[in-house]
$ cat structure.cif   # mmCIF, C-alpha atoms
data_input
loop_
_atom_site.group_PDB
_atom_site.id
_atom_site.type_symbol
_atom_site.label_atom_id
_atom_site.label_comp_id
_atom_site.auth_asym_id
_atom_site.auth_seq_id
_atom_site.Cartn_x
_atom_site.Cartn_y
_atom_site.Cartn_z
ATOM 1 C CA MET A 122 17.851 -36.862 -6.404
ATOM 2 C CA THR A 123 16.228 -34.556 -7.893
ATOM 3 C CA GLN A 124 16.782 -31.065 -8.788
ATOM 4 C CA LYS A 125 14.868 -29.760 -11.748
ATOM 5 C CA ASN A 126 14.465 -26.280 -13.197
ATOM 6 C CA ASN A 127 16.522 -24.559 -10.475
ATOM 7 C CA THR A 128 14.573 -25.957 -7.536
ATOM 8 C CA PRO A 129 15.930 -23.905 -4.601
ATOM 9 C CA PHE A 130 16.229 -26.788 -2.187
ATOM 10 C CA ARG A 131 16.612 -30.510 -2.504
ATOM 11 C CA LEU A 132 13.731 -32.928 -2.117
ATOM 12 C CA SER A 133 14.343 -36.501 -1.113
ATOM 13 C CA LYS A 134 13.553 -38.874 -3.956
ATOM 14 C CA ASP A 135 13.208 -41.684 -1.433
ATOM 15 C CA GLU A 136 10.630 -39.779 0.628
ATOM 16 C CA LEU A 137 8.692 -38.757 -2.483
ATOM 17 C CA SER A 138 8.710 -42.290 -3.846
ATOM 18 C CA GLU A 139 7.574 -43.715 -0.509
ATOM 19 C CA LEU A 140 4.668 -41.272 -0.241
ATOM 20 C CA LEU A 141 3.573 -42.032 -3.805
ATOM 21 C CA LYS A 142 3.845 -45.760 -3.190
ATOM 22 C CA LEU A 143 1.859 -45.545 0.060
ATOM 23 C CA HIS A 144 -1.068 -43.956 -1.768
ATOM 24 C CA ASN A 145 -0.729 -45.971 -4.985
ATOM 25 C CA LEU A 146 -0.089 -42.883 -7.122
ATOM 26 C CA GLY A 147 2.559 -44.388 -9.416
ATOM 27 C CA ASP A 148 6.340 -44.359 -9.704
ATOM 28 C CA PHE A 149 8.150 -41.053 -9.298
ATOM 29 C CA LYS A 150 9.535 -39.403 -12.463
ATOM 30 C CA TYR A 151 10.455 -35.803 -11.596
ATOM 31 C CA VAL A 152 9.354 -32.623 -9.827
ATOM 32 C CA LYS A 153 9.373 -29.003 -11.009
ATOM 33 C CA LEU A 154 9.064 -25.864 -8.870
ATOM 34 C CA ILE A 155 5.971 -23.716 -9.474
ATOM 35 C CA SER A 156 6.353 -21.163 -6.698
ATOM 36 C CA LYS A 157 8.182 -20.629 -3.427
ATOM 37 C CA GLY A 158 6.377 -18.542 -0.837
ATOM 38 C CA ILE A 159 6.637 -17.534 2.795
ATOM 39 C CA GLU A 160 4.130 -20.110 3.974
ATOM 40 C CA SER A 161 4.536 -22.864 1.407
ATOM 41 C CA SER A 162 6.232 -24.009 -1.789
ATOM 42 C CA THR A 163 4.396 -25.608 -4.673
ATOM 43 C CA PHE A 164 5.664 -28.045 -7.292
ATOM 44 C CA SER A 165 4.378 -29.971 -10.274
ATOM 45 C CA LEU A 166 4.936 -33.639 -9.489
ATOM 46 C CA PHE A 167 5.053 -36.210 -12.276
ATOM 47 C CA THR A 168 4.701 -39.975 -12.069
ATOM 48 C CA GLU A 169 4.574 -42.458 -14.913
ATOM 49 C CA ARG A 170 0.773 -42.327 -14.614
ATOM 50 C CA LYS A 171 -0.162 -38.638 -14.345
ATOM 51 C CA SER A 172 0.737 -35.241 -12.898
ATOM 52 C CA PHE A 173 -0.088 -33.878 -9.450
ATOM 53 C CA VAL A 174 0.502 -30.758 -7.393
ATOM 54 C CA LEU A 175 2.917 -31.108 -4.467
ATOM 55 C CA SER A 176 2.751 -28.534 -1.637
ATOM 56 C CA LEU A 177 5.267 -28.242 1.222
ATOM 57 C CA PHE A 178 4.351 -26.070 4.206
ATOM 58 C CA GLU A 179 6.953 -24.104 6.136
ATOM 59 C CA ASP A 180 5.406 -24.778 9.542
ATOM 60 C CA LYS A 181 3.375 -27.589 11.060
ATOM 61 C CA LYS A 182 0.309 -25.687 12.191
ATOM 62 C CA HIS A 183 -1.922 -26.880 9.370
ATOM 63 C CA ASN A 184 -4.654 -29.451 10.013
ATOM 64 C CA LEU A 185 -4.127 -31.251 6.724
ATOM 65 C CA LYS A 186 -6.567 -34.034 7.492
ATOM 66 C CA TYR A 187 -9.318 -31.474 7.940
ATOM 67 C CA LEU A 188 -8.266 -29.681 4.751
ATOM 68 C CA GLN A 189 -8.445 -32.997 2.913
ATOM 69 C CA GLU A 190 -11.932 -33.736 4.231
ATOM 70 C CA ILE A 191 -13.282 -30.288 3.370
ATOM 71 C CA SER A 192 -11.664 -30.276 -0.084
ATOM 72 C CA HIS A 193 -13.122 -33.695 -0.829
ATOM 73 C CA PHE A 194 -16.556 -32.512 0.342
ATOM 74 C CA PHE A 195 -16.607 -29.633 -2.137
ATOM 75 C CA VAL A 196 -15.086 -31.673 -4.973
ATOM 76 C CA SER A 197 -17.750 -34.347 -4.432
ATOM 77 C CA HIS A 198 -20.376 -31.594 -4.801
ATOM 78 C CA GLY A 199 -18.976 -30.569 -8.176
ATOM 79 C CA PHE A 200 -16.808 -27.576 -7.266
ATOM 80 C CA PRO A 201 -13.549 -27.240 -9.264
ATOM 81 C CA LEU A 202 -11.117 -27.443 -6.351
ATOM 82 C CA THR A 203 -8.027 -29.598 -6.102
ATOM 83 C CA ASP A 204 -8.710 -32.910 -4.399
ATOM 84 C CA ILE A 205 -6.058 -33.893 -1.853
ATOM 85 C CA VAL A 206 -5.006 -37.467 -2.590
ATOM 86 C CA ALA A 207 -2.113 -37.844 -0.134
ATOM 87 C CA ILE A 208 -0.842 -36.342 3.129
ATOM 88 C CA GLY A 209 2.621 -36.881 4.554
ATOM 89 C CA GLU A 210 5.930 -35.303 5.426
ATOM 90 C CA ILE A 211 8.913 -34.564 3.186
ATOM 91 C CA SER A 212 12.120 -32.814 4.235
ATOM 92 C CA ASN A 213 10.541 -32.455 7.690
ATOM 93 C CA LYS A 214 7.745 -30.330 6.205
ATOM 94 C CA GLN A 215 4.012 -31.053 6.112
ATOM 95 C CA THR A 216 3.172 -32.184 2.599
ATOM 96 C CA VAL A 217 0.065 -32.672 0.485
ATOM 97 C CA ILE A 218 -0.294 -34.143 -2.981
ATOM 98 C CA SER A 219 -3.331 -32.890 -4.875
ATOM 99 C CA SER A 220 -5.044 -33.437 -8.192
ATOM 100 C CA HIS A 221 -3.923 -31.209 -11.061
ATOM 101 C CA LEU A 222 -6.450 -28.702 -12.418
ATOM 102 C CA THR A 223 -6.363 -27.711 -16.085
ATOM 103 C CA GLY A 224 -6.759 -24.206 -17.428
ATOM 104 C CA LYS A 225 -5.053 -20.825 -17.436
ATOM 105 C CA VAL A 226 -5.277 -17.564 -15.521
ATOM 106 C CA LYS A 227 -7.009 -14.757 -17.470
ATOM 107 C CA SER A 228 -5.597 -11.236 -17.400
ATOM 108 C CA ASP A 229 -8.618 -9.411 -18.842
ATOM 109 C CA TRP A 230 -11.958 -10.253 -17.296
ATOM 110 C CA THR A 231 -15.340 -9.518 -18.858
ATOM 111 C CA SER A 232 -18.673 -8.934 -17.157
ATOM 112 C CA ASP A 233 -19.590 -12.516 -18.021
ATOM 113 C CA ASP A 234 -16.468 -13.757 -16.227
ATOM 114 C CA TYR A 235 -17.379 -11.824 -13.080
ATOM 115 C CA GLU A 236 -20.949 -13.049 -13.229
ATOM 116 C CA SER A 237 -19.712 -16.635 -13.613
ATOM 117 C CA ILE A 238 -17.344 -16.500 -10.630
ATOM 118 C CA GLY A 239 -20.043 -14.757 -8.589
ATOM 119 C CA PHE A 240 -22.514 -17.546 -9.349
ATOM 120 C CA LEU A 241 -19.925 -20.227 -8.550
ATOM 121 C CA LEU A 242 -18.926 -18.524 -5.308
ATOM 122 C CA GLY A 243 -22.544 -18.049 -4.267
ATOM 123 C CA ASN A 244 -23.187 -21.751 -4.758
ATOM 124 C CA LEU A 245 -20.020 -22.647 -2.842
ATOM 125 C CA HIS A 246 -21.130 -20.479 0.104
ATOM 126 C CA LYS A 247 -24.643 -21.902 -0.057
ATOM 127 C CA CYS A 248 -23.197 -25.405 0.079
ATOM 128 C CA ALA A 249 -20.789 -24.381 2.865
ATOM 129 C CA SER A 250 -23.661 -23.105 5.008
ATOM 130 C CA THR A 251 -24.696 -26.725 5.574
ATOM 131 C CA LEU A 252 -21.400 -27.476 7.332
ATOM 132 C CA PRO A 253 -20.786 -26.918 11.058
ATOM 133 C CA ASN A 254 -18.106 -24.550 12.303
ATOM 134 C CA THR A 255 -15.190 -26.846 13.075
ATOM 135 C CA VAL A 256 -12.436 -24.381 12.121
ATOM 136 C CA SER A 257 -9.995 -23.536 14.910
ATOM 137 C CA SER A 258 -7.930 -20.885 13.100
ATOM 138 C CA ILE A 259 -7.546 -17.299 14.336
ATOM 139 C CA PRO A 260 -10.326 -15.049 12.937
ATOM 140 C CA PHE A 261 -9.237 -12.942 9.973
ATOM 141 C CA ILE A 262 -9.631 -9.622 11.786
ATOM 142 C CA TRP A 263 -7.304 -10.786 14.591
ATOM 143 C CA GLN A 264 -4.737 -12.073 12.116
ATOM 144 C CA LEU A 265 -4.093 -8.509 10.943
ATOM 145 C CA SER A 266 -2.809 -7.310 14.309
ATOM 146 C CA SER A 267 -0.862 -10.552 14.795
ATOM 147 C CA ILE A 268 1.027 -10.035 11.539
ATOM 148 C CA PHE A 269 1.546 -6.323 12.160
ATOM 149 C CA TYR A 270 3.164 -6.799 15.570
ATOM 150 C CA GLU A 271 5.297 -9.619 14.181
ATOM 151 C CA ILE A 272 6.892 -7.293 11.613
ATOM 152 C CA GLN A 273 6.427 -3.855 13.218
ATOM 153 C CA GLY A 274 10.090 -3.388 14.097
ATOM 154 C CA GLN A 275 11.263 -4.179 10.551
ATOM 155 C CA ILE A 276 9.003 -2.036 8.379
ATOM 156 C CA PRO A 277 9.432 1.606 7.211
ATOM 157 C CA LYS A 278 7.913 4.281 9.425
ATOM 158 C CA GLU A 279 5.353 5.131 6.715
ATOM 159 C CA PHE A 280 3.631 1.850 7.512
ATOM 160 C CA GLN A 281 3.408 2.368 11.271
ATOM 161 C CA ARG A 282 0.057 4.062 10.666
ATOM 162 C CA LEU A 283 -1.350 0.608 9.906
ATOM 163 C CA GLU A 284 -1.673 0.032 13.647
ATOM 164 C CA GLN A 285 -4.394 2.682 13.797
ATOM 165 C CA GLU A 286 -6.061 1.271 10.690
ATOM 166 C CA ILE A 287 -6.228 -2.140 12.376
ATOM 167 C CA TYR A 288 -7.731 -0.596 15.536
ATOM 168 C CA PHE A 289 -10.348 1.087 13.355
ATOM 169 C CA LEU A 290 -11.251 -2.200 11.669
ATOM 170 C CA GLU A 291 -11.490 -4.053 14.960
ATOM 171 C CA GLU A 292 -13.871 -1.388 16.302
ATOM 172 C CA GLU A 293 -16.050 -1.368 13.194
ATOM 173 C CA TRP A 294 -15.992 -5.103 12.410
ATOM 174 C CA PRO A 295 -19.589 -6.409 12.249
ATOM 175 C CA SER A 296 -20.300 -9.457 14.389
ATOM 176 C CA ASP A 297 -23.691 -10.466 12.998
ATOM 177 C CA LEU A 298 -22.975 -11.130 9.297
ATOM 178 C CA PRO A 299 -23.815 -14.542 7.816
ATOM 179 C CA LYS A 300 -20.786 -16.797 8.193
ATOM 180 C CA GLY A 301 -19.561 -20.141 6.998
ATOM 181 C CA LEU A 302 -16.631 -21.833 5.329
ATOM 182 C CA ILE A 303 -15.169 -19.530 2.681
ATOM 183 C CA HIS A 304 -12.458 -20.105 0.088
ATOM 184 C CA GLY A 305 -10.143 -17.755 1.955
ATOM 185 C CA ASP A 306 -7.860 -16.686 -0.904
ATOM 186 C CA ILE A 307 -10.019 -16.269 -3.980
ATOM 187 C CA TRP A 308 -8.692 -13.701 -6.445
ATOM 188 C CA HIS A 309 -7.958 -13.442 -10.140
ATOM 189 C CA LYS A 310 -4.671 -15.356 -10.114
ATOM 190 C CA ASN A 311 -6.252 -18.265 -8.246
ATOM 191 C CA ILE A 312 -8.971 -18.811 -10.849
ATOM 192 C CA LEU A 313 -8.389 -20.926 -13.962
ATOM 193 C CA PHE A 314 -10.326 -20.753 -17.222
ATOM 194 C CA LEU A 315 -10.643 -23.334 -19.965
ATOM 195 C CA ASP A 316 -12.508 -22.336 -23.146
ATOM 196 C CA ASP A 317 -13.870 -19.258 -21.329
ATOM 197 C CA ASN A 318 -15.358 -21.416 -18.567
ATOM 198 C CA ILE A 319 -14.050 -21.514 -14.994
ATOM 199 C CA SER A 320 -12.125 -24.768 -14.631
ATOM 200 C CA GLY A 321 -10.367 -24.415 -11.288
ATOM 201 C CA LEU A 322 -10.094 -22.556 -7.992
ATOM 202 C CA LEU A 323 -6.568 -22.694 -6.592
ATOM 203 C CA ASP A 324 -5.066 -22.205 -3.101
ATOM 204 C CA PHE A 325 -8.161 -23.229 -1.174
ATOM 205 C CA LYS A 326 -7.643 -21.982 2.406
ATOM 206 C CA PRO A 327 -10.948 -22.681 4.166
ATOM 207 C CA SER A 328 -11.750 -20.507 7.130
ATOM 208 C CA TYR A 329 -14.954 -19.731 9.001
ATOM 209 C CA GLU A 330 -15.611 -16.082 8.202
ATOM 210 C CA PRO A 331 -18.329 -13.753 6.846
ATOM 211 C CA PHE A 332 -19.211 -14.944 3.352
ATOM 212 C CA ILE A 333 -18.882 -11.395 2.065
ATOM 213 C CA LEU A 334 -15.136 -11.495 2.792
ATOM 214 C CA ASP A 335 -14.573 -13.743 -0.242
ATOM 215 C CA LEU A 336 -16.450 -11.284 -2.449
ATOM 216 C CA ALA A 337 -14.412 -8.403 -1.030
ATOM 217 C CA ASN A 338 -11.195 -10.124 -2.067
ATOM 218 C CA LEU A 339 -12.438 -10.241 -5.658
ATOM 219 C CA ILE A 340 -13.801 -6.693 -5.576
ATOM 220 C CA LYS A 341 -10.468 -5.218 -4.455
ATOM 221 C CA GLY A 342 -8.930 -6.587 -7.667
ATOM 222 C CA ILE A 343 -11.491 -5.019 -10.010
ATOM 223 C CA PRO A 344 -9.733 -2.201 -11.930
ATOM 224 C CA ASN A 345 -10.837 1.164 -10.510
ATOM 225 C CA ARG A 346 -13.745 -0.601 -8.767
ATOM 226 C CA ASN A 347 -15.527 -0.588 -12.137
ATOM 227 C CA PRO A 348 -19.242 -0.521 -11.144
ATOM 228 C CA ILE A 349 -20.322 -2.578 -14.166
ATOM 229 C CA LEU A 350 -17.917 -5.397 -13.303
ATOM 230 C CA GLN A 351 -18.698 -5.216 -9.591
ATOM 231 C CA ASN A 352 -22.443 -5.353 -10.269
ATOM 232 C CA ALA A 353 -21.913 -8.357 -12.539
ATOM 233 C CA LEU A 354 -20.054 -10.148 -9.740
ATOM 234 C CA LEU A 355 -22.734 -9.393 -7.154
ATOM 235 C CA SER A 356 -25.590 -10.187 -9.535
ATOM 236 C CA GLY A 357 -24.107 -13.570 -10.389
ATOM 237 C CA TYR A 358 -23.596 -14.296 -6.706
ATOM 238 C CA GLU A 359 -27.174 -13.419 -5.792
ATOM 239 C CA ILE A 360 -28.583 -15.856 -8.323
ATOM 240 C CA ALA A 361 -27.275 -18.543 -5.987
ATOM 241 C CA ARG A 362 -27.320 -16.814 -2.595
ATOM 242 C CA PRO A 363 -29.044 -13.502 -1.734
ATOM 243 C CA ILE A 364 -26.889 -10.828 -0.093
ATOM 244 C CA SER A 365 -28.471 -9.230 2.973
ATOM 245 C CA PRO A 366 -28.669 -5.428 3.411
ATOM 246 C CA GLU A 367 -26.125 -5.721 6.257
ATOM 247 C CA GLU A 368 -23.708 -7.537 3.948
ATOM 248 C CA HIS A 369 -24.106 -4.876 1.255
ATOM 249 C CA GLU A 370 -23.346 -2.179 3.835
ATOM 250 C CA SER A 371 -20.199 -4.003 4.957
ATOM 251 C CA ILE A 372 -18.619 -4.436 1.512
ATOM 252 C CA ASN A 373 -16.426 -1.314 1.624
ATOM 253 C CA LEU A 374 -15.173 -2.194 5.097
ATOM 254 C CA MET A 375 -14.351 -5.734 3.986
ATOM 255 C CA VAL A 376 -12.532 -4.475 0.872
ATOM 256 C CA TYR A 377 -10.602 -2.070 3.116
ATOM 257 C CA ALA A 378 -9.611 -4.982 5.374
ATOM 258 C CA LYS A 379 -8.504 -7.096 2.424
ATOM 259 C CA ILE A 380 -6.333 -4.290 1.026
ATOM 260 C CA LEU A 381 -4.728 -3.859 4.441
ATOM 261 C CA SER A 382 -4.156 -7.616 4.637
ATOM 262 C CA THR A 383 -2.391 -7.525 1.254
ATOM 263 C CA ILE A 384 -0.141 -4.669 2.427
ATOM 264 C CA LEU A 385 0.894 -6.678 5.487
ATOM 265 C CA TYR A 386 1.557 -9.728 3.322
ATOM 266 C CA LEU A 387 3.782 -7.697 0.992
ATOM 267 C CA LEU A 388 5.696 -6.183 3.893
ATOM 268 C CA LYS A 389 6.251 -9.647 5.335
ATOM 269 C CA LYS A 390 7.525 -10.832 1.959
ATOM 270 C CA SER A 391 9.913 -7.861 1.786
ATOM 271 C CA ILE A 392 11.441 -9.051 5.063
ATOM 272 C CA HIS A 393 11.692 -12.699 4.031
ATOM 273 C CA HIS A 394 13.068 -11.823 0.576
ATOM 274 C CA PRO A 395 15.545 -8.960 1.128
ATOM 275 C CA ASN A 396 16.792 -9.211 -2.472
ATOM 276 C CA ARG A 397 13.289 -8.136 -3.572
ATOM 277 C CA LYS A 398 12.665 -5.719 -0.700
ATOM 278 C CA ASP A 399 12.216 -2.619 -2.870
ATOM 279 C CA GLU A 400 9.788 -4.407 -5.186
ATOM 280 C CA PHE A 401 7.517 -5.657 -2.411
ATOM 281 C CA GLN A 402 7.609 -2.365 -0.502
ATOM 282 C CA THR A 403 6.692 -0.461 -3.669
ATOM 283 C CA TYR A 404 3.584 -2.627 -4.079
ATOM 284 C CA ALA A 405 2.830 -2.103 -0.381
ATOM 285 C CA PHE A 406 2.999 1.690 -0.870
ATOM 286 C CA LEU A 407 0.543 1.363 -3.745
ATOM 287 C CA GLY A 408 -1.715 -0.483 -1.323
ATOM 288 C CA LEU A 409 -1.585 2.502 1.027
ATOM 289 C CA LEU A 410 -2.769 4.702 -1.842
ATOM 290 C CA LYS A 411 -5.675 2.311 -2.449
ATOM 291 C CA LEU A 412 -6.616 2.549 1.230
ATOM 292 C CA ASP A 413 -6.649 6.331 1.041
ATOM 293 C CA SER A 414 -8.711 6.370 -2.159
ATOM 294 C CA LEU A 415 -11.262 4.040 -0.574
ATOM 295 C CA VAL A 416 -11.623 6.336 2.434
ATOM 296 C CA CYS A 417 -12.071 9.358 0.202
ATOM 297 C CA ALA A 418 -14.518 7.645 -2.172
#
$ encode --input "structure.cif" --output "structure tokens"
Amino acid sequence: MTQKNNTPFRLSKDELSELLKLHNLGDFKYVKLISKGIESSTFSLFTERKSFVLSLFEDKKHNLKYLQEISHFFVSHGFPLTDIVAIGEISNKQTVISSHLTGKVKSDWTSDDYESIGFLLGNLHKCASTLPNTVSSIPFIWQLSSIFYEIQGQIPKEFQRLEQEIYFLEEEWPSDLPKGLIHGDIWHKNILFLDDNISGLLDFKPSYEPFILDLANLIKGIPNRNPILQNALLSGYEIARPISPEEHESINLMVYAKILSTILYLLKKSIHHPNRKDEFQTYAFLGLLKLDSLVCA
């Protein structure tokens, strides 16, 4: 095979070729690593016909058939998500091959950009509300404690306070907010633009949660919680789907939960990537400062 651009582990050319052949996607040319994460690794996959995105998952807990069905549902309704064209197994890892989305990540967002993603997200949630709850994953709020206790013995003492933060969230978590299938990981680096128009939403991780949780993930990335940009996001969203008073009241709590989730993710990465431990823990400490500033605001 098949090692290209310092791919950190070998992929079987025979397995790749067989999966491509099974789904009539063309003859294998080469593969190039995009990113290697804790949960999955992503590659650009090239055949003689076109390019795809290849994702390998580190465990086998994912219901890929369901993910394929839901992705296809939203793509068929005009949403710019990757369409899963093949499911299989490579190197004993669950594997999906998806369509390739064009565009680039933007570093500086305008009010128009926030209004556009708000409108798109509102329409996605409105469309999702027509689907039944068939998701069997652990609710987001329970995932926080699950991750914390998994890594508790390996994190600096400064982060032990997160246990109390999680208890607080579990006590305050509203149970009556409008729910449905959400994107699950929508933030600035998972949104592509082409000619100033949104052209793609990456890393679709559908889960059945309060709709406002998706908005909170975007809000936590707005520099200094700029009220003009946040209002543009919410205004664009409400053109498609009105936000209830209860949802408005829950926004700060949801942003708080998303910041805490990011801290836990960074701490987990610091354990899995000891050569970058200081880097990830530094970002986690910055997350603690954001938590404190949100409480004091």
$ resolve_selection --input "structure.cif" --expression "the PyMOL selection byres ((chain A and resi 194-205) around 8)" --output "CSV table (one decimal) with C-alpha atoms, keeping the file's coordinate frame"
chain,number,residue,atom,x,y,z
A,189,GLN,CA,-8.4,-33.0,2.9
A,190,GLU,CA,-11.9,-33.7,4.2
A,191,ILE,CA,-13.3,-30.3,3.4
A,192,SER,CA,-11.7,-30.3,-0.1
A,193,HIS,CA,-13.1,-33.7,-0.8
A,206,VAL,CA,-5.0,-37.5,-2.6
A,207,ALA,CA,-2.1,-37.8,-0.1
A,208,ILE,CA,-0.8,-36.3,3.1
A,217,VAL,CA,0.1,-32.7,0.5
A,218,ILE,CA,-0.3,-34.1,-3.0
A,219,SER,CA,-3.3,-32.9,-4.9
A,220,SER,CA,-5.0,-33.4,-8.2
A,221,HIS,CA,-3.9,-31.2,-11.1
A,222,LEU,CA,-6.4,-28.7,-12.4
A,245,LEU,CA,-20.0,-22.6,-2.8
A,320,SER,CA,-12.1,-24.8,-14.6
A,321,GLY,CA,-10.4,-24.4,-11.3
A,322,LEU,CA,-10.1,-22.6,-8.0
A,323,LEU,CA,-6.6,-22.7,-6.6
A,325,PHE,CA,-8.2,-23.2,-1.2
$ residues_around --input "structure.cif" --residues "Leu354 in chain A" --least-positions-apart "5" --cutoff "6 Å" --atoms "only C-alpha atoms" --output "list in words"
Tyr235, Glu236 and Gly239 of chain A
$ closest_residue --input "structure.cif" --among "A:Phe164, A:Asn184, A:Phe173, A:Ile259" --to "Gly147 in chain A" --atoms "only C-alpha atoms"
A:Phe173
$ closest_residue --input "structure.cif" --among "A:Tyr288, A:Tyr329, A:Phe269, A:Tyr151" --to "Val174 in chain A" --atoms "all atoms listed in the file"
A:Tyr151
$ closest_residue --input "structure.cif" --among "A:Ile392, A:Gly305, A:Asn352, A:Lys300" --to "Ser365 in chain A" --atoms "all atoms listed in the file"
A:Lys300
$ residues_near_point --input "structure.cif" --point "(-22.9, -18.7, -7.1)" --cutoff "8 Å" --atoms "all atoms listed in the file" --output "PyMOL selection string"
chain A and resi 237-247+357-362
$ closest_residue --input "structure.cif" --among "A:Tyr404, A:Leu302, A:Leu313, A:Asn345" --to "Pro253 in chain A" --atoms "all atoms listed in the file"
A:Leu302
$ axis_aligned_box --input "structure.cif" --around "range 290-296 of chain A" --padding-each-side "3 Å" --output "lines of an AutoDock Vina configuration file"
center_x = -15.8
center_y = -5.4
center_z = 14.0
size_x = 15.0
size_y = 14.1
size_z = 10.6
$ atom_distance --input "structure.cif" --atom1 "CA of Val376 in chain A" --atom2 "CA of Ile272 in chain A"
22.4 Å
$ closest_residue --input "structure.cif" --among "A:Ile364, A:Ala405, A:Leu175, A:Cys248" --to "Leu298 in chain A" --atoms "all atoms listed in the file"
A:Ile364
$ closest_residue --input "structure.cif" --among "A:Gln275, A:Thr216, A:Ser228, A:Ser296" --to "Pro260 in chain A" --atoms "only C-alpha atoms"
A:Ser296
$ residues_near_point --input "structure.cif" --point "(-1.7, -22.9, 9.4)" --cutoff "10 Å" --atoms "all atoms listed in the file" --output "PyMOL selection string"
chain A and resi 160+178-185+257-259+326
$ residues_around --input "structure.cif" --residues "Ser266 in chain A" --least-positions-apart "6" --cutoff "12 Å" --atoms "only C-alpha atoms" --output "PDB file with C-alpha atoms, keeping the file's coordinate frame"
ATOM      1  CA  ILE A 259      -7.546 -17.299  14.336  1.00  0.00           C
ATOM      2  CA  PRO A 260     -10.326 -15.049  12.937  1.00  0.00           C
ATOM      3  CA  ILE A 272       6.892  -7.293  11.613  1.00  0.00           C
ATOM      4  CA  GLN A 273       6.427  -3.855  13.218  1.00  0.00           C
ATOM      5  CA  GLN A 281       3.408   2.368  11.271  1.00  0.00           C
ATOM      6  CA  LEU A 283      -1.350   0.608   9.906  1.00  0.00           C
ATOM      7  CA  GLU A 284      -1.673   0.032  13.647  1.00  0.00           C
ATOM      8  CA  GLN A 285      -4.394   2.682  13.797  1.00  0.00           C
ATOM      9  CA  GLU A 286      -6.061   1.271  10.690  1.00  0.00           C
ATOM     10  CA  ILE A 287      -6.228  -2.140  12.376  1.00  0.00           C
ATOM     11  CA  TYR A 288      -7.731  -0.596  15.536  1.00  0.00           C
ATOM     12  CA  PHE A 289     -10.348   1.087  13.355  1.00  0.00           C
ATOM     13  CA  LEU A 290     -11.251  -2.200  11.669  1.00  0.00           C
ATOM     14  CA  GLU A 291     -11.490  -4.053  14.960  1.00  0.00           C
ATOM     15  CA  ALA A 378      -9.611  -4.982   5.374  1.00  0.00           C
ATOM     16  CA  LEU A 381      -4.728  -3.859   4.441  1.00  0.00           C
ATOM     17  CA  SER A 382      -4.156  -7.616   4.637  1.00  0.00           C
ATOM     18  CA  LEU A 385       0.894  -6.678   5.487  1.00  0.00           C
TER      19      LEU A 385
END
$ residues_around --input "structure.cif" --residues "Gly158 in chain A" --least-positions-apart "2" --cutoff "10 Å" --atoms "all atoms listed in the file" --output "list in words"
Ser156, Glu160, Ser161, Ser162, Thr163, Leu177, Phe178, Glu179, Lys390, His393 and His394 of chain A
$ atom_distance --input "structure.cif" --atom1 "CA of Asn318 in chain A" --atom2 "CA of Ser232 in chain A"
13.0 Å
$ atom_distance --input "structure.cif" --atom1 "CA of Tyr270 in chain A" --atom2 "CA of Leu334 in chain A"
22.8 Å
$ residues_around --input "structure.cif" --residues "Leu415 in chain A" --least-positions-apart "2" --cutoff "12 Å" --atoms "all atoms listed in the file" --output "compact mmCIF listing (two decimals) with C-alpha atoms, keeping the file's coordinate frame"
# COMPACT_ATOMS: atom_id res chain seq x y z
CA LYS A 341 -10.47 -5.22 -4.46
CA ASN A 345 -10.84 1.16 -10.51
CA ARG A 346 -13.74 -0.60 -8.77
CA ILE A 372 -18.62 -4.44 1.51
CA ASN A 373 -16.43 -1.31 1.62
CA LEU A 374 -15.17 -2.19 5.10
CA MET A 375 -14.35 -5.73 3.99
CA VAL A 376 -12.53 -4.47 0.87
CA TYR A 377 -10.60 -2.07 3.12
CA ALA A 378 -9.61 -4.98 5.37
CA LYS A 379 -8.50 -7.10 2.42
CA ILE A 380 -6.33 -4.29 1.03
CA LEU A 381 -4.73 -3.86 4.44
CA GLY A 408 -1.72 -0.48 -1.32
CA LEU A 409 -1.58 2.50 1.03
CA LEU A 410 -2.77 4.70 -1.84
CA LYS A 411 -5.68 2.31 -2.45
CA LEU A 412 -6.62 2.55 1.23
CA ASP A 413 -6.65 6.33 1.04
CA CYS A 417 -12.07 9.36 0.20
CA ALA A 418 -14.52 7.64 -2.17
$ build_atoms --input "structure.cif" --residues "range 205-211 of chain A" --atoms "N, CA and C atoms" --output "CSV table (one decimal), in the frame of the given file"
chain,number,residue,atom,x,y,z
A,205,ILE,N,-7.3,-33.4,-2.5
A,205,ILE,CA,-6.1,-33.9,-1.9
A,205,ILE,C,-6.1,-35.4,-1.8
A,206,VAL,N,-5.1,-36.0,-2.5
A,206,VAL,CA,-5.0,-37.5,-2.6
A,206,VAL,C,-4.0,-38.1,-1.7
A,207,ALA,N,-3.1,-37.3,-1.1
A,207,ALA,CA,-2.1,-37.8,-0.1
A,207,ALA,C,-1.7,-36.8,0.8
A,208,ILE,N,-1.4,-37.2,2.1
A,208,ILE,CA,-0.8,-36.3,3.1
A,208,ILE,C,0.4,-37.0,3.7
A,209,GLY,N,1.4,-36.3,4.0
A,209,GLY,CA,2.6,-36.9,4.6
A,209,GLY,C,3.6,-35.8,5.0
A,210,GLU,N,4.9,-36.2,5.0
A,210,GLU,CA,5.9,-35.3,5.4
A,210,GLU,C,7.2,-35.6,4.6
A,211,ILE,N,7.7,-34.5,4.0
A,211,ILE,CA,8.9,-34.6,3.2
A,211,ILE,C,9.9,-33.4,3.6
